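Working notes, beginning with the structure itself.
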Amino acid sequence: MEKPIRDELDRQLIAQLQFNARAKTSDIAKKLGIARTTVHERIARLERLGYIKAYTVQLAEDPGRQHVEALVMIEVHQQQGKQIADKLKDFPEVKLCLAINGEYDLHLSVEAPQLEDIDEIIDEIALIPGVRRTQTSLVLGRKFDRR
């Protein structure tokens, strides 16, 4: 986003909405120590300026469902990132694909039922034409997730 958030109060308000987008403005006002009308006006302004695009539902994970999550970094041959990203769309286990700068070009979040499945997926990814090399880290736990 090109426009920086205006002040610390906007940041705190956005953090409250990220935690619970359905929170009452009166509850947010109490937590932030400001008037309810201020919360309402600031939310309206943040929406109008495009900082808040939507309110969404985040589904809870099935507690009985076990899965392994890995972060996979991919180095690609020059000018092949878009083609590789298009091929990665065919992998339902790839939940996120980001173009990044630095030593690697793509960053993936991959989820699968078992560690062996992650291994197979990484082997398949390595066979995509244009993939130079990969590096994988397993996710041990989530400290927080604001998505």
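Just so we're on the same page: first chain in the structure tokens is A, next is B, and so on; residues restart at 1 for each chain, and ligands are numbered from 1 in the order they show up.
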Please provide as a PyMOL selection string all residues within 12 Å of Ala126 in chain A, with the sequence filter that same-chain residues fewer than 2 positions apart are discarded (counting only C-alpha atoms).
chain A and resi 72-76+84+87-88+119-124+128-136
Applying 9 Å and only C-alpha atoms, which residues near Gln66 in chain A remain after dropping the ones on its own chain fewer than 5 positions away? List them as an NGL selection string.
:A and (112-114)
Can you pull out every residue from chain A that DSSP, working from the backbone, puts in strand (DSSP E), and format the result as a ChimeraX atom specification?
/A:68-76,94-99,106-112,131-138
Selected residues written out with N, CA, C and O atoms, as a CSV table (one decimal), in the first residue's frame:
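Contents of selection35.csv, as written:
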chain,number,residue,atom,x,y,z
A,68,VAL,N,1.2,-31.1,7.9
A,68,VAL,CA,2.6,-30.6,8.0
A,68,VAL,C,2.6,-29.3,7.1
A,68,VAL,O,2.1,-29.3,6.0
A,69,GLU,N,3.2,-28.3,7.6
A,69,GLU,CA,3.4,-27.1,6.8
A,69,GLU,C,4.9,-26.8,6.6
A,69,GLU,O,5.7,-27.0,7.6
A,70,ALA,N,5.3,-26.5,5.4
A,70,ALA,CA,6.6,-26.2,5.1
A,70,ALA,C,6.7,-24.8,4.3
A,70,ALA,O,5.8,-24.5,3.6
A,71,LEU,N,7.8,-24.1,4.5
A,71,LEU,CA,8.1,-22.9,3.7
A,71,LEU,C,9.2,-23.3,2.7
A,71,LEU,O,10.2,-23.8,3.1
A,72,VAL,N,8.9,-23.1,1.5
A,72,VAL,CA,9.8,-23.6,0.4
A,72,VAL,C,10.3,-22.3,-0.3
A,72,VAL,O,9.5,-21.5,-0.8
A,73,MET,N,11.6,-22.2,-0.4
A,73,MET,CA,12.2,-21.1,-1.2
A,73,MET,C,12.7,-21.7,-2.5
A,73,MET,O,13.3,-22.8,-2.5
A,74,ILE,N,12.4,-21.0,-3.6
A,74,ILE,CA,12.8,-21.5,-4.9
A,74,ILE,C,13.7,-20.4,-5.6
A,74,ILE,O,13.3,-19.3,-5.7
A,75,GLU,N,14.8,-20.9,-6.1
A,75,GLU,CA,15.6,-20.1,-7.0
A,75,GLU,C,15.3,-20.5,-8.4
A,75,GLU,O,15.3,-21.7,-8.7
A,76,VAL,N,15.0,-19.5,-9.3
A,76,VAL,CA,14.6,-19.9,-10.7
A,76,VAL,C,15.6,-19.3,-11.7
A,76,VAL,O,16.3,-18.4,-11.3
A,94,VAL,N,0.1,-26.2,-2.4
A,94,VAL,CA,0.8,-24.8,-2.3
A,94,VAL,C,-0.3,-23.8,-2.0
A,94,VAL,O,-1.2,-23.5,-2.8
A,95,LYS,N,-0.3,-23.3,-0.8
A,95,LYS,CA,-1.3,-22.4,-0.3
A,95,LYS,C,-1.0,-20.9,-0.6
A,95,LYS,O,-1.9,-20.1,-0.6
A,96,LEU,N,0.3,-20.6,-0.8
A,96,LEU,CA,0.7,-19.2,-0.9
A,96,LEU,C,2.0,-19.2,-1.8
A,96,LEU,O,2.9,-20.1,-1.6
A,97,CYS,N,2.1,-18.3,-2.7
A,97,CYS,CA,3.3,-18.2,-3.5
A,97,CYS,C,3.6,-16.7,-3.6
A,97,CYS,O,2.8,-15.9,-4.1
A,98,LEU,N,4.8,-16.3,-3.1
A,98,LEU,CA,5.2,-14.9,-3.1
A,98,LEU,C,6.4,-14.7,-3.9
A,98,LEU,O,7.4,-15.5,-3.8
A,99,ALA,N,6.5,-13.7,-4.7
A,99,ALA,CA,7.7,-13.3,-5.4
A,99,ALA,C,8.6,-12.5,-4.4
A,99,ALA,O,8.0,-11.5,-3.8
A,106,LEU,N,11.1,-17.1,-5.3
A,106,LEU,CA,9.8,-17.4,-4.9
A,106,LEU,C,9.8,-18.0,-3.5
A,106,LEU,O,10.7,-18.8,-3.1
A,107,HIS,N,8.7,-17.7,-2.7
A,107,HIS,CA,8.6,-18.2,-1.4
A,107,HIS,C,7.2,-18.9,-1.3
A,107,HIS,O,6.2,-18.3,-1.6
A,108,LEU,N,7.1,-20.2,-1.0
A,108,LEU,CA,5.9,-20.9,-0.9
A,108,LEU,C,5.5,-21.3,0.5
A,108,LEU,O,6.4,-21.6,1.3
A,109,SER,N,4.2,-21.4,0.8
A,109,SER,CA,3.7,-22.1,1.9
A,109,SER,C,3.0,-23.3,1.4
A,109,SER,O,2.1,-23.2,0.6
A,110,VAL,N,3.5,-24.5,1.9
A,110,VAL,CA,3.0,-25.8,1.4
A,110,VAL,C,2.4,-26.5,2.6
A,110,VAL,O,3.1,-26.6,3.7
A,111,GLU,N,1.2,-27.1,2.4
A,111,GLU,CA,0.6,-27.9,3.5
A,111,GLU,C,0.3,-29.3,2.9
A,111,GLU,O,-0.2,-29.4,1.8
A,112,ALA,N,0.5,-30.3,3.7
A,112,ALA,CA,0.2,-31.7,3.3
A,112,ALA,C,0.0,-32.5,4.5
A,112,ALA,O,0.4,-32.1,5.6
A,131,VAL,N,13.3,-24.3,-12.5
A,131,VAL,CA,13.7,-24.3,-11.1
A,131,VAL,C,15.1,-24.7,-11.0
A,131,VAL,O,15.6,-25.7,-11.4
A,132,ARG,N,15.9,-23.8,-10.4
A,132,ARG,CA,17.3,-24.0,-10.2
A,132,ARG,C,17.6,-24.8,-8.9
A,132,ARG,O,18.4,-25.8,-8.9
A,133,ARG,N,17.0,-24.4,-7.8
A,133,ARG,CA,17.2,-25.1,-6.6
A,133,ARG,C,16.1,-24.7,-5.6
A,133,ARG,O,15.4,-23.7,-5.8
A,134,THR,N,15.9,-25.5,-4.5
A,134,THR,CA,14.9,-25.2,-3.5
A,134,THR,C,15.6,-25.3,-2.1
A,134,THR,O,16.6,-26.0,-2.0
A,135,GLN,N,15.0,-24.6,-1.2
A,135,GLN,CA,15.4,-24.8,0.2
A,135,GLN,C,14.1,-24.8,1.0
A,135,GLN,O,13.2,-24.0,0.8
A,136,THR,N,14.0,-25.8,2.0
A,136,THR,CA,12.8,-26.0,2.7
A,136,THR,C,13.0,-25.9,4.2
A,136,THR,O,14.0,-26.4,4.7
A,137,SER,N,12.0,-25.3,4.9
A,137,SER,CA,12.0,-25.2,6.3
A,137,SER,C,10.6,-25.7,6.8
A,137,SER,O,9.6,-25.3,6.2
A,138,LEU,N,10.6,-26.5,7.8
A,138,LEU,CA,9.3,-27.0,8.4
A,138,LEU,C,8.8,-26.0,9.4
A,138,LEU,O,9.6,-25.4,10.2
Near range 28-30 of chain A, counting only C-alpha atoms, which residues have an atom at most 7 Å away, once you skip same-chain residues fewer than 5 positions from it, shown as a VMD selection string?
chain A and resid 16 23 35 to 36 39
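All residues in range 102-135 of chain A with a DSSP state of helix (DSSP H, G or I), computed from the backbone, read Leu115, Glu116, Asp117, Ile118, Asp119, Glu120, Ile121, Ile122, Asp123, Glu124, Ile125 and Ala126 of chain A.
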Would you kindly return, as number ranges by chain, each protein, DNA or RNA residue with an atom no farther than 9 Å from any atom of Arg146 in chain A, considering only C-alpha atoms and excluding same-chain residues fewer than 4 positions away?
A: 15, 18-19
Coordinates-based distance that separates CA of Leu13 in chain A from CA of Ile34 in chain A (Å, one decimal):
10.6 Å
Length of the CA of Thr25 in chain A to CA of His40 in chain A vector [Å]:
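Computed distance, CA of Thr25 in chain A to CA of His40 in chain A, equals 6.5 Å.
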